[in-house]
Structure formats: C-alpha cells, structure tokens
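Report on the following structure.
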Amino acid sequence: MTQASPVSLERALVEIDRACGGDAVVRDPDILESVAGDESETPRRRPEALVRAASTRDVAAVLKAASKHGVPVTPRGAGTGRVGGAVPVHGGIVLSTESMRSIVEVHDEELVAVVEPGVATGALHAAVEDRQLFYPPDPNSLATCTMGGNLACNAGGPRAFKYGVTGDFVLSLEVVTAEGSVLAVGKPTVKGVTGYDLASLIVGSEGTLGVITRAKMRLLPKPESVRTLLVFVADDASVGRGITGLLRRGIVPRCVELVDSIALDLIRRDAGLAIPAGAKGMLLVELDGPELLVDREVERTGNAFGDEGALEILTADRGSERERLWSARRELSRTLRTRARFKLSEDVVVPRTRIFDLLRTCRELSERHGVVMPTYGHAGDGNLHVNFLWDHERQRPDVELAIHGLFEATIALGGTLSGEHGIGVLKAPFLPMEQSPELIALQRKMKSLFDPRGILNPGKVFEAGTRPHGNC
Ligand code: LAC
Ligand code: ZN
C-alpha cells in the first residue's frame with residue numbers, strides 16, 4: 001500500500017464525517033502532530049486526519065470508507081509503543097480508540113471483565129482490585145497505556161513470569177475487519193474450542209488484521225499478600241543460578257526483574273537506594289499468595305540467593321516500601337534516555353538458562369563496537385531490554401553492527417527478537433533473521449485475506465528494507 005491520493009482521502013473523510021458526526025474527524029495540524037509518533041525513535045509522520053472513534057459503529061464506518069477508497073488507517077491507543085506500531089508511516093488516517101474507555105462489566109463470580117479498548121491498563125487494575133479481583137498483566141507504562149494497545153501487541157510486563165501475558169487472559173474479542181465487518185472471535189466461556197482460535201491470531205497482530213473494539217478478559221482472585229525483595233549480586237552468573245535455585249525449591253515469584261551492572265552504574269547516583277559498592281547486578285523479586293506461604297517463601301528466596309553469594313537483600317511488605325523499591329526499576333527506560341544523546345532499546349528473549357551467555361555477548365559487543373549497552377528487564381522470562389547508548393551520529397554504523405550481533409546471538413541461543421514490544425517498523429527489517437521465507441509468505445497471505453486492499457497499519461511487521469533513523 002502506498003499513500004492515498006488527496007481525492008480518495010477527501011472522499012473517505014466526507015463519508016466518515018457523515019457516519020461518525022460531531023467532531024470525530026480532526027484536521028488541526030497541532031493535534032495531528034501529537035499522534036505522529038510513539039515512544040520509540042521511529043521517525044515521526046503526521047497523518048492527514050485523525051478520527052476519534054466513540055463506538056464500534058464509528059470504527060466500522062472508518063474502515064469501510066477507508067477500504068472503499070484505499071486510504072491507510074493506523075489504529076492507535078495511547079501511543080506508548082516501542083517499535084513504531086502506531087506511527088502512520090504511509091500517512092492517511094490515524095484511528096484513535098482512546099475515547100472508548102468504558103469498563104463495561106466486572107463479574108466477580110464469573111471472574112471476567114469486559115472492557116473497551118481505550119481503558120488504561122492501570123484503571124482496569126484499580127477497578128478489579130477494588131473488588132478483590134486481579135488482572136495480572138502489567139506493562140511498565142500501565143498508568144497510561146490502553147487495553148487496545150496491550151491486546152494488539154500482546155503486552156507483557158514483570159508479572160508475566162508467574163501469570164503470563166495479555167493474550168493469556170483473553171476469552172473473546174469484538175473485532176472490526178479492514179472492510180468494516182464486526183466479528184466476535186474467541187470463546188464466551190473459560191473453556192471453548194469451537195472453530196479456529198482467531199482471538200489468538202488477532203492478539204499480537206499489531207493492528208494489521210483488525211481493530212479490537214471490545215475484550216472479555218479473564219480475572220483471578222486478588223492475592224492476599226505481596227512481598228518485594230531487592231537482591232544485589234556480585235556477578236552476572238549469579239542471576240540465572242539464583243533463579244534456577246528458586247524454581248528448584250518450588251518457588252515461583254510473580255516477578256524476577258534484573259538491572260545489570262552497566263545499568264546499575266548509570267542509575268547509581270539517583271536510584272534513591274543505597275547500592276552496595278561491589279554490586280554487579282540488582283534483582284527485584286516479588287512473591288504473592290497467602291500470607292503464611294509468602295512469609296516462608298521470602299525466607300527461602302533469601303536462602304536461595306544467599307547460596308549464590310548475594311551481597312545484600314532488602315525486603316518490603318508495605319505498599320509504600322514496595323513502591324520505593326520499584327520506582328528505580330520503573331523509571332529505568334526514562335533515566336537511561338537522559339544518559340546519552342542517542343538511545344535505542346531492544347527487547348530480546350533467550351531461554352532463562354542462557355541469560356548469562358546473552359549478558360556475556362552484550363559485554364563483548366559493547367567492547368567491540370564502542371557502544372554503552374545497559375541491560376535490564378524481565379529476567380525470569382529471559383526477556384531482556386538491551387539498550388544502546390551513544391553520543392555521536394558517526395557511531396550509528398557501529399550501533400547497527402552491535403544490534404545485528406545481538407540478534408544473531410539471540411537466535412543462536414534459541415531465542416526470539418521480541419518478547420513484548422512487537423515488530424512494528426523498527427524490527428521489521430530483521431524479521432527474516434528469525435522466520436523462514438515460507439513462514440513470512442504465509443503470514444502475508446493471511447494478512448491479505450483479512451485486509452485485501454492492505455489499508456490496515458501498512459508498513460509494519462513484514463516490511464523489508466533498512467531500519468529508519470529518527471531522533472531519540
Ligand atoms: C520495560 C518496558 C520498556 O520493561 O518494556 O521497562
Ligand atoms: Zn519490559
């Protein structure tokens with residue numbers, strides 16, 4: 001799909017305006033500029049129009065008109081994505097579902113919640129926790145990111161270690177196809193195997209197959225108590241060994257988050273924590289469950305890391321103390337951004353037992369290419385955010401070589417290129433490193449079945465070429 005002609009675009013917008021009414025169609029350049037980018041270094045691209053959908057009917061009207069006139073449509077939640085998935089690279093229309101923010105139902109006996117796509121993930125947490133229920137997925141941007149974006153990218157987060165990712169909580173979805181049909185996919189009940197599992201196909205398809213307008217999500221009872229431990233380790237090898245030690249003792253924390261030695265050094269001065277001098281890594285371990293069990297597990301977790309030579313272990317059980325331990329971790333991405341002129345962040349996954357090898361590769365690549373590479377992330381899942389920091393434009397080719405080296409090593413270690421951020425624009429050039437031409441061709445055919453004119457989020461996931469450069 002290329003850009004729409006001005007005539008086609010205007011025709012589509014007249015039809016959309018007529019169907020959606022009010023002030024759904026926005027042409028104000030300042031507002032359009034505000035939806036030109038996301039939270040990645042993907043170059044910004046201002047769309048020709050923004051449509052703020054208020055209902056499934058609006059979404060269907062936009063897609064119907066856009067398909068008829070061949071106008072690109074880029075769906076958008078809160079724009080917190082990390083790979084350019086919501087950037088309208090071919091212009092056209094940005095379709096925002098942010099105004100569809102109703103929590104339609106929370107059913108405490110069925111343990112389900114029905115939400116619209118614009119509901120902020122944190123708002124869903126608060127609503128269900130008020131009723132002693134629990135929705136585990138917790139992407140780091142949970143205060144602002146929306147359920148629509150979480151579903152489109154199959155977002156993860158720290159608690160995925162014990163509970164799984166967004167897709168693991170989906171029962172059914174209402175989805176609008178590129179041509180404007182409204183489909184119900186998935187199952188109405190907790191069990192259900194009727195027909196193909198299209199809900200799983202839509203989840204994580206990054207807005208390329210359909211637009212999600214409603215989701216029925218599974219909930220859990222809220223755990224009785226939560227305890228957070230901060231463990232400082234003396235070397236990279238203790239990370240994987242400590243986690244294995246926990247699992248061998250039958251302990252499954254809800255999170256095991258890592259901040260490696262390079263990242264720790266960069267945040268040392270304003271982490272708000274006393275970091276021991278010899279610390280070469282920090283692990284944030286969180287346990288939840290019945291109070292008596294959690295107390296015992298805290299002690300045994302301490303023993304497991306003590307056996308691996310942990311330098312210091314801090315524990316918190318009150319909400320405010322836990323927040324203090326979490327704050328340095330939550331701010332990491334933003335803090336690292338202030339440490340150099342340019343920053344790129346990757347999102348690779350390796351089997352948990354290969355974390356040490358991955359960290360060693362990062363050290364070697366950093367040395368060879370002269371790029372600072374702080375690493376942090378969801379160590380329990382083997383999902384690490386490897387960052388690249390540099391100060392001079394002339395270093396860009398070295399950064400590209402380092403990224404290539406990271407991806408090659410990740411795949412050689414039995415891993416994958418993205419654990420939770422998706423492929424979007426930034427990783428699309430690298431997809432062939434992991435997937436065969438046959439597999440990519442099959443997915444392209446599926447895409448054209450769902451979206452014959454190629455209007456939905458064009459330029460994402462399968463686009464070959466080189467990675468575009470933006471400012472970060
Ligand atoms: C995090 C985001 C970047 O874990 O995924 O901080
Ligand atoms: Zn993450």
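Chain labels A, B, ... are given in the sequence in which chains occur in the structure tokens; within each chain residues are numbered consecutively from 1, and ligands are likewise numbered from 1 in the order shown.
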Residues of chain A at most 9 Å from ligand 2: nearest atom pair and distance in Å, only C-alpha atoms and all ligand atoms, as JSON lines:
{"residue": "A:Pro139", "atom": "CA", "partner": "ligand 2", "partner_atom_place_in_ligand_line": "1 (Zn)", "distance": 6.5}
{"residue": "A:Asn140", "atom": "CA", "partner": "ligand 2", "partner_atom_place_in_ligand_line": "1 (Zn)", "distance": 6.3}
{"residue": "A:Ala155", "atom": "CA", "partner": "ligand 2", "partner_atom_place_in_ligand_line": "1 (Zn)", "distance": 8.6}
{"residue": "A:Gly156", "atom": "CA", "partner": "ligand 2", "partner_atom_place_in_ligand_line": "1 (Zn)", "distance": 6.9}
{"residue": "A:Gly157", "atom": "CA", "partner": "ligand 2", "partner_atom_place_in_ligand_line": "1 (Zn)", "distance": 5.3}
{"residue": "A:Pro158", "atom": "CA", "partner": "ligand 2", "partner_atom_place_in_ligand_line": "1 (Zn)", "distance": 6.9}
{"residue": "A:Asp347", "atom": "CA", "partner": "ligand 2", "partner_atom_place_in_ligand_line": "1 (Zn)", "distance": 7.5}
{"residue": "A:Tyr376", "atom": "CA", "partner": "ligand 2", "partner_atom_place_in_ligand_line": "1 (Zn)", "distance": 8.5}
{"residue": "A:Gly377", "atom": "CA", "partner": "ligand 2", "partner_atom_place_in_ligand_line": "1 (Zn)", "distance": 5.7}
{"residue": "A:His378", "atom": "CA", "partner": "ligand 2", "partner_atom_place_in_ligand_line": "1 (Zn)", "distance": 6.5}
{"residue": "A:Asn383", "atom": "CA", "partner": "ligand 2", "partner_atom_place_in_ligand_line": "1 (Zn)", "distance": 7.7}
{"residue": "A:Leu384", "atom": "CA", "partner": "ligand 2", "partner_atom_place_in_ligand_line": "1 (Zn)", "distance": 7.5}
{"residue": "A:His385", "atom": "CA", "partner": "ligand 2", "partner_atom_place_in_ligand_line": "1 (Zn)", "distance": 6.7}
{"residue": "A:Gly419", "atom": "CA", "partner": "ligand 2", "partner_atom_place_in_ligand_line": "1 (Zn)", "distance": 8.2}
{"residue": "A:Glu420", "atom": "CA", "partner": "ligand 2", "partner_atom_place_in_ligand_line": "1 (Zn)", "distance": 6.8}
{"residue": "A:His421", "atom": "CA", "partner": "ligand 2", "partner_atom_place_in_ligand_line": "1 (Zn)", "distance": 7.7}
*If you count only C-alpha atoms, which residues fall within 7 Å of Val386 (chain A), apart from same-chain ones fewer than 6 positions away, as number ranges by chain?*
A: 345-347, 373-376
Write out, as a JSON list (two decimals), in the first residue's frame, the residues just selected, with N, CA and C atoms.
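To be explicit, this is the file written out as result.json:
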[["chain", "number", "residue", "atom", "x", "y", "z"],
["A", 345, "SER", "N", 16.47, 0.82, 22.17],
["A", 345, "SER", "CA", 16.22, -0.23, 23.14],
["A", 345, "SER", "C", 15.70, -1.47, 22.42],
["A", 346, "GLU", "N", 16.31, -2.61, 22.69],
["A", 346, "GLU", "CA", 15.85, -3.87, 22.08],
["A", 346, "GLU", "C", 15.12, -4.70, 23.14],
["A", 347, "ASP", "N", 14.53, -5.78, 22.70],
["A", 347, "ASP", "CA", 13.56, -6.49, 23.54],
["A", 347, "ASP", "C", 13.66, -7.99, 23.29],
["A", 373, "MET", "N", 26.10, -0.41, 26.60],
["A", 373, "MET", "CA", 24.93, -1.30, 26.48],
["A", 373, "MET", "C", 24.35, -1.71, 27.83],
["A", 374, "PRO", "N", 23.65, -0.80, 28.50],
["A", 374, "PRO", "CA", 22.97, -1.19, 29.74],
["A", 374, "PRO", "C", 21.81, -2.13, 29.43],
["A", 375, "THR", "N", 21.61, -3.12, 30.28],
["A", 375, "THR", "CA", 20.58, -4.13, 30.03],
["A", 375, "THR", "C", 19.74, -4.31, 31.29],
["A", 376, "TYR", "N", 18.45, -4.42, 31.09],
["A", 376, "TYR", "CA", 17.57, -4.68, 32.23],
["A", 376, "TYR", "C", 16.36, -5.43, 31.70]]
*Name the closest residue to Glu174 (chain A) among the candidates A:Glu224, A:Glu206, A:Glu116, A:Tyr135; distances are taken between atoms, counting only C-alpha atoms.*
A:Glu116
*region 98-303 of chain A: which residues are strand (DSSP E or B) by DSSP, as a PyMOL selection string?*
chain A and resi 103-107+112-115+120+133-134+146+170-176+182-186+211-218+220-221+225-233+255-260+281-289
_region 309-324 of chain A surroundings by only C-alpha atoms, 6 Å radius, close-in-sequence under 3 positions cut, as a list in words_ =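 After dropping sequence-adjacent residues, the list is Arg227, Thr228, Leu229, Leu230, Val231, Phe232, Val233, Phe305, Gly306 and Ser327 of chain A.
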*asked:* Based on the backbone DSSP call, show me all residues of region 173-421 of chain A assigned alpha helix (DSSP H), as JSON, numbers by chain.
replied: {"A": [198, 199, 200, 201, 202, 237, 238, 239, 240, 241, 242, 243, 244, 245, 246, 247, 248, 261, 262, 263, 264, 265, 266, 267, 291, 292, 293, 294, 295, 296, 297, 298, 299, 300, 301, 302, 303, 304, 305, 306, 307, 319, 320, 321, 322, 323, 324, 325, 326, 327, 328, 329, 330, 332, 333, 334, 335, 336, 337, 355, 356, 357, 358, 359, 360, 361, 362, 363, 364, 365, 366, 367, 368, 369, 396, 397, 398, 399, 400, 401, 402, 403, 404, 405, 406, 407, 408, 409, 410, 411, 412]}
*Mind checking which residues fall within 6 Å of Thr121 (chain A), counting only C-alpha atoms, ignoring those fewer than 3 positions away in the same chain, and posting them as a PyMOL selection string?*
chain A and resi 124+142+146-147
Those same residues - N, CA, C and O atoms - I'd like them written as a tab-separated table (two decimals), in the first residue's frame.
chain	number	residue	atom	x	y	z
A	124	LEU	N	-7.99	-0.50	34.81
A	124	LEU	CA	-8.59	-1.83	34.97
A	124	LEU	C	-8.08	-2.49	36.26
A	124	LEU	O	-8.85	-3.06	37.02
A	142	LEU	N	1.81	1.07	32.46
A	142	LEU	CA	0.41	0.74	32.79
A	142	LEU	C	-0.44	1.94	33.19
A	142	LEU	O	-1.66	1.90	33.07
A	146	THR	N	-3.11	1.58	26.98
A	146	THR	CA	-4.51	1.15	26.97
A	146	THR	C	-4.64	-0.33	26.62
A	146	THR	O	-3.75	-0.93	26.01
A	147	MET	N	-5.78	-0.89	26.97
A	147	MET	CA	-6.02	-2.31	26.73
A	147	MET	C	-5.97	-2.64	25.24
A	147	MET	O	-5.50	-3.70	24.85
*With distances taken over only C-alpha atoms and all ligand atoms, which of A:Asp130, A:Asp381, A:Asp108, A:Asp23 is nearest to ligand 1?*
A:Asp381
*Just the residues within 10 Å of Arg131 (chain A), please, counting only C-alpha atoms, with nothing from its chain fewer than 6 positions along; format it as number ranges by chain.*
A: 106-108, 221-222
Once you have the residues from the selection above, write them out as a PDB file, in the first residue's frame, restricted to N, CA and C atoms.
ATOM      1  N   VAL A 106     -17.627  -5.887  35.310  1.00  0.00           N
ATOM      2  CA  VAL A 106     -16.693  -6.718  36.082  1.00  0.00           C
ATOM      3  C   VAL A 106     -17.567  -7.716  36.827  1.00  0.00           C
ATOM      4  N   HIS A 107     -17.367  -8.989  36.543  1.00  0.00           N
ATOM      5  CA  HIS A 107     -18.243 -10.011  37.110  1.00  0.00           C
ATOM      6  C   HIS A 107     -17.447 -10.820  38.123  1.00  0.00           C
ATOM      7  N   ASP A 108     -17.728 -10.613  39.441  1.00  0.00           N
ATOM      8  CA  ASP A 108     -16.847 -11.283  40.404  1.00  0.00           C
ATOM      9  C   ASP A 108     -17.109 -12.765  40.570  1.00  0.00           C
ATOM     10  N   PRO A 221      -8.643 -14.197  41.536  1.00  0.00           N
ATOM     11  CA  PRO A 221      -8.820 -13.586  42.865  1.00  0.00           C
ATOM     12  C   PRO A 221      -7.539 -12.830  43.234  1.00  0.00           C
ATOM     13  N   LYS A 222      -7.692 -11.716  43.932  1.00  0.00           N
ATOM     14  CA  LYS A 222      -6.508 -10.915  44.281  1.00  0.00           C
ATOM     15  C   LYS A 222      -5.678 -11.650  45.337  1.00  0.00           C
TER      16      LYS A 222
END
*When distances are computed from only C-alpha atoms and all ligand atoms, which of A:Ser333, A:Ser366, A:Ser448, A:Asn150 shows the smallest separation from ligand 1?*
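Of A:Ser333, A:Ser366, A:Ser448, A:Asn150, the one nearest ligand 1, counting only C-alpha atoms and all ligand atoms, is A:Ser333.
If you count only C-alpha atoms and ignore residues fewer than 5 places along the chain from Thr338 (chain A), what sits within 10 Å of it is Leu266, Ser333, Lys343 and Leu389 of chain A.
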_Give me, as a PyMOL selection string, all polymer residues having an atom no more than 6 Å from region 24-40 of chain A, counting only C-alpha atoms and skipping those fewer than 6 positions away in the same chain._
chain A and resi 46+49-52+79-83+87
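Going from CA of Arg44 (chain A) to CA of Pro468 (chain A) covers 10.5 Å.
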*Point out the residue among A:Val256, A:Ala402, A:Ala412, A:Ile275 with the least atom-to-atom distance to ligand 1, counting only C-alpha atoms and all ligand atoms.*
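For ligand 1, the nearest of the given residues is A:Val256.
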*For Gln395 (chain A), which residue out of A:Glu129, A:Gly415, A:Phe342, A:Glu408 is the nearest one, using only C-alpha atoms?*
A:Phe342
*Of the residues A:Leu325, A:Arg18, A:Leu456, A:Glu297, which is the one nearest to Pro75 (chain A), using only C-alpha atoms?*
A:Leu456
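Distance-wise, CA of Phe356 (chain A) and CA of Ser261 (chain A) end up 12.7 Å apart.
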